[in-house]
Amino acid sequence: MFTNRGCVLKPVDVAVVLYLLRYPRESYAHMSAMLGISKSSAHGAVTRLERAGLVHKLSEGGARVARGPALEFLLFGVPYAFAPELLPRARGVPTGFAALGLSSEPDAPEPLALVWPSRLGESAGVGIKPLVPDAPDTAWRDPQLYRCLALVDALRTGDARAREYARRVFREIFEAARVGST
């Protein structure tokens, strides 16, 4: 029997999936602080993600990412569901392959200078609206979460080679999370 889950995901939900992959047992207060969203937004995101089958709430608190469905949605759904909104040239925090650590890998494609506009950023490039407004601050709060958010932008904005590179890196990240949780 088919049931309508009544679920419409929001851009912040993508950031929450990446957060939960890294911090499955942390509180909503921690998620709120790390992503720069309200506790009610964090709770709402987890509820939507659970309805969509992308996470499972844990009885002891927190939520576990349903790695297979979440990875599939991230790699192939997010670029269509949350198409990038390009902005005028700006100063900000690098994202996509212009992000620190991504463009320096040996087989990484040439970086496209994309930035999340921020008065705190020191790079210049084409602006892109981040999935969560506070995304530029994740570079300082949690470099690994920042890297994941930047990779999502590579999926959303890159050419075929860049998208395939980002997919490979995400598969490695999800596999490392699987190994770490056993």
# chains A, B, ... in the order shown; residues from 1 in each chain; ligands from 1

$ select_by_dssp --residues "chain A" --states "strand (DSSP E)" --output "PyMOL selection string"
chain A and resi 55-57+63-65+86-95+114-117+123-128

$ residues_around --residues "stretch 54-71 of chain A" --least-positions-apart "3" --cutoff "8 Å" --atoms "only C-alpha atoms" --output "list in words"
Val17, Leu20, Leu21, Pro24, Arg25, Glu26, Ser27, Tyr28, Val46, Leu49, Glu50, Arg51, Leu74, Leu75, Phe170, Arg171, Phe174 and Arg178 of chain A

$ residues_around --residues "A:Ala150" --least-positions-apart "3" --cutoff "8 Å" --atoms "only C-alpha atoms" --output "list of chain:residue names"
A:Pro94, A:Thr95, A:Gly96, A:Phe97, A:Ala99, A:Tyr146, A:Arg147, A:Asp153, A:Ala154

$ closest_residue --among "A:Ala33, A:Arg161, A:Glu172, A:Leu155" --to "A:Pro79" --atoms "only C-alpha atoms"
A:Leu155

$ closest_residue --among "A:Ala176, A:Ile37, A:Leu87, A:Leu9" --to "A:Leu114" --atoms "only C-alpha atoms"
A:Leu87

$ closest_residue --among "A:Val152, A:Leu120, A:Leu145, A:Ala166" --to "A:Arg22" --atoms "only C-alpha atoms"
A:Leu145

$ atom_distance --atom1 "atom CA of A:Val93" --atom2 "atom CA of A:His43"
27.2 Å

$ residues_around --residues "A:Phe76" --least-positions-apart "3" --cutoff "10 Å" --atoms "only C-alpha atoms" --output "PDB file with all heavy atoms, in the first residue's frame"
ATOM      1  N   LEU A  71      22.970   8.823   0.994  1.00  0.00           N
ATOM      2  CA  LEU A  71      24.036   9.021   0.004  1.00  0.00           C
ATOM      3  C   LEU A  71      23.447   9.147  -1.403  1.00  0.00           C
ATOM      4  O   LEU A  71      23.837  10.035  -2.161  1.00  0.00           O
ATOM      5  CB  LEU A  71      25.042   7.869   0.060  1.00  0.00           C
ATOM      6  CG  LEU A  71      26.206   7.961  -0.931  1.00  0.00           C
ATOM      7  CD1 LEU A  71      27.042   9.212  -0.690  1.00  0.00           C
ATOM      8  CD2 LEU A  71      27.072   6.708  -0.837  1.00  0.00           C
ATOM      9  N   GLU A  72      22.489   8.299  -1.717  1.00  0.00           N
ATOM     10  CA  GLU A  72      21.858   8.372  -3.044  1.00  0.00           C
ATOM     11  C   GLU A  72      21.186   9.719  -3.264  1.00  0.00           C
ATOM     12  O   GLU A  72      21.336  10.346  -4.311  1.00  0.00           O
ATOM     13  CB  GLU A  72      20.834   7.234  -3.185  1.00  0.00           C
ATOM     14  CG  GLU A  72      20.208   7.171  -4.560  1.00  0.00           C
ATOM     15  CD  GLU A  72      19.265   5.987  -4.702  1.00  0.00           C
ATOM     16  OE1 GLU A  72      19.176   5.144  -3.796  1.00  0.00           O
ATOM     17  OE2 GLU A  72      18.607   5.920  -5.751  1.00  0.00           O
ATOM     18  N   PHE A  73      20.445  10.198  -2.249  1.00  0.00           N
ATOM     19  CA  PHE A  73      19.796  11.496  -2.369  1.00  0.00           C
ATOM     20  C   PHE A  73      20.827  12.614  -2.503  1.00  0.00           C
ATOM     21  O   PHE A  73      20.685  13.507  -3.342  1.00  0.00           O
ATOM     22  CB  PHE A  73      18.886  11.764  -1.169  1.00  0.00           C
ATOM     23  CG  PHE A  73      18.241  13.126  -1.217  1.00  0.00           C
ATOM     24  CD1 PHE A  73      17.294  13.430  -2.176  1.00  0.00           C
ATOM     25  CD2 PHE A  73      18.609  14.112  -0.321  1.00  0.00           C
ATOM     26  CE1 PHE A  73      16.703  14.683  -2.241  1.00  0.00           C
ATOM     27  CE2 PHE A  73      18.029  15.371  -0.369  1.00  0.00           C
ATOM     28  CZ  PHE A  73      17.078  15.660  -1.331  1.00  0.00           C
ATOM     29  N   PRO A  79      21.512  17.964  -6.274  1.00  0.00           N
ATOM     30  CA  PRO A  79      21.796  18.944  -7.329  1.00  0.00           C
ATOM     31  C   PRO A  79      20.550  19.413  -8.084  1.00  0.00           C
ATOM     32  O   PRO A  79      20.532  20.522  -8.618  1.00  0.00           O
ATOM     33  CB  PRO A  79      22.743  18.182  -8.272  1.00  0.00           C
ATOM     34  CG  PRO A  79      23.386  17.159  -7.386  1.00  0.00           C
ATOM     35  CD  PRO A  79      22.313  16.750  -6.418  1.00  0.00           C
ATOM     36  N   TYR A  80      19.512  18.581  -8.109  1.00  0.00           N
ATOM     37  CA  TYR A  80      18.268  18.961  -8.794  1.00  0.00           C
ATOM     38  C   TYR A  80      17.280  19.614  -7.832  1.00  0.00           C
ATOM     39  O   TYR A  80      16.624  20.590  -8.173  1.00  0.00           O
ATOM     40  CB  TYR A  80      17.628  17.731  -9.445  1.00  0.00           C
ATOM     41  CG  TYR A  80      18.507  17.150 -10.519  1.00  0.00           C
ATOM     42  CD1 TYR A  80      19.298  16.035 -10.253  1.00  0.00           C
ATOM     43  CD2 TYR A  80      18.576  17.732 -11.771  1.00  0.00           C
ATOM     44  CE1 TYR A  80      20.139  15.513 -11.226  1.00  0.00           C
ATOM     45  CE2 TYR A  80      19.412  17.219 -12.756  1.00  0.00           C
ATOM     46  CZ  TYR A  80      20.192  16.112 -12.472  1.00  0.00           C
ATOM     47  OH  TYR A  80      21.016  15.606 -13.437  1.00  0.00           O
ATOM     48  N   ALA A  81      17.164  19.059  -6.632  1.00  0.00           N
ATOM     49  CA  ALA A  81      16.212  19.586  -5.655  1.00  0.00           C
ATOM     50  C   ALA A  81      16.623  20.959  -5.138  1.00  0.00           C
ATOM     51  O   ALA A  81      15.766  21.783  -4.819  1.00  0.00           O
ATOM     52  CB  ALA A  81      16.068  18.599  -4.486  1.00  0.00           C
ATOM     53  N   LEU A 155      28.913  19.399  -6.144  1.00  0.00           N
ATOM     54  CA  LEU A 155      27.886  18.590  -6.822  1.00  0.00           C
ATOM     55  C   LEU A 155      26.856  19.483  -7.508  1.00  0.00           C
ATOM     56  O   LEU A 155      26.373  19.161  -8.593  1.00  0.00           O
ATOM     57  CB  LEU A 155      27.154  17.691  -5.818  1.00  0.00           C
ATOM     58  CG  LEU A 155      27.909  16.508  -5.249  1.00  0.00           C
ATOM     59  CD1 LEU A 155      27.117  15.871  -4.109  1.00  0.00           C
ATOM     60  CD2 LEU A 155      28.191  15.482  -6.344  1.00  0.00           C
ATOM     61  N   ARG A 156      26.526  20.587  -6.875  1.00  0.00           N
ATOM     62  CA  ARG A 156      25.481  21.476  -7.391  1.00  0.00           C
ATOM     63  C   ARG A 156      25.954  22.362  -8.534  1.00  0.00           C
ATOM     64  O   ARG A 156      25.144  22.812  -9.339  1.00  0.00           O
ATOM     65  CB  ARG A 156      24.961  22.366  -6.261  1.00  0.00           C
ATOM     66  CG  ARG A 156      24.256  21.594  -5.162  1.00  0.00           C
ATOM     67  CD  ARG A 156      23.994  22.436  -3.926  1.00  0.00           C
ATOM     68  NE  ARG A 156      23.175  23.582  -4.204  1.00  0.00           N
ATOM     69  CZ  ARG A 156      23.272  24.753  -3.578  1.00  0.00           C
ATOM     70  NH1 ARG A 156      24.179  24.929  -2.629  1.00  0.00           N
ATOM     71  NH2 ARG A 156      22.485  25.746  -3.893  1.00  0.00           N
ATOM     72  N   ARG A 163      31.681  16.776 -10.563  1.00  0.00           N
ATOM     73  CA  ARG A 163      30.626  16.047  -9.855  1.00  0.00           C
ATOM     74  C   ARG A 163      31.067  14.624  -9.549  1.00  0.00           C
ATOM     75  O   ARG A 163      30.828  14.115  -8.452  1.00  0.00           O
ATOM     76  CB  ARG A 163      29.330  16.059 -10.657  1.00  0.00           C
ATOM     77  CG  ARG A 163      28.624  17.408 -10.641  1.00  0.00           C
ATOM     78  CD  ARG A 163      27.222  17.332 -11.225  1.00  0.00           C
ATOM     79  NE  ARG A 163      27.152  16.666 -12.504  1.00  0.00           N
ATOM     80  CZ  ARG A 163      27.320  17.239 -13.691  1.00  0.00           C
ATOM     81  NH1 ARG A 163      27.580  18.526 -13.759  1.00  0.00           N
ATOM     82  NH2 ARG A 163      27.228  16.545 -14.802  1.00  0.00           N
ATOM     83  N   ARG A 167      31.382  12.952  -5.914  1.00  0.00           N
ATOM     84  CA  ARG A 167      30.686  11.700  -5.587  1.00  0.00           C
ATOM     85  C   ARG A 167      31.648  10.680  -4.985  1.00  0.00           C
ATOM     86  O   ARG A 167      31.319   9.999  -4.012  1.00  0.00           O
ATOM     87  CB  ARG A 167      30.018  11.114  -6.837  1.00  0.00           C
ATOM     88  CG  ARG A 167      28.800  11.866  -7.285  1.00  0.00           C
ATOM     89  CD  ARG A 167      28.163  11.213  -8.507  1.00  0.00           C
ATOM     90  NE  ARG A 167      27.109  12.053  -9.000  1.00  0.00           N
ATOM     91  CZ  ARG A 167      27.019  12.504 -10.250  1.00  0.00           C
ATOM     92  NH1 ARG A 167      27.926  12.150 -11.156  1.00  0.00           N
ATOM     93  NH2 ARG A 167      26.024  13.275 -10.598  1.00  0.00           N
TER      94      ARG A 167
END

$ atom_distance --atom1 "atom CA of A:Pro136" --atom2 "atom CA of A:Gly53"
28.3 Å

$ closest_residue --among "A:Ala135, A:Gly125, A:Arg48, A:Leu86" --to "A:Met34" --atoms "only C-alpha atoms"
A:Ala135

$ atom_distance --atom1 "atom CA of A:Lys10" --atom2 "atom CA of A:Ala42"
11.4 Å

$ residues_around --residues "A:Trp116" --least-positions-apart "5" --cutoff "6 Å" --atoms "only C-alpha atoms" --output "ChimeraX atom specification"
/A:92-93,127-128

$ write_last_selection --atoms "C-alpha atoms" --output "JSON list (two decimals), in the first residue's frame"
[["chain", "number", "residue", "atom", "x", "y", "z"],
["A", 92, "GLY", "CA", 33.58, 35.51, 1.24],
["A", 93, "VAL", "CA", 34.46, 31.96, 2.24],
["A", 127, "GLY", "CA", 28.84, 34.26, -4.89],
["A", 128, "ILE", "CA", 26.61, 31.27, -4.21]]

$ select_by_dssp --residues "stretch 57-169 of chain A" --states "alpha helix (DSSP H)" --output "PyMOL selection string"
chain A and resi 67-72+78-81+135-141+143-157+160-169
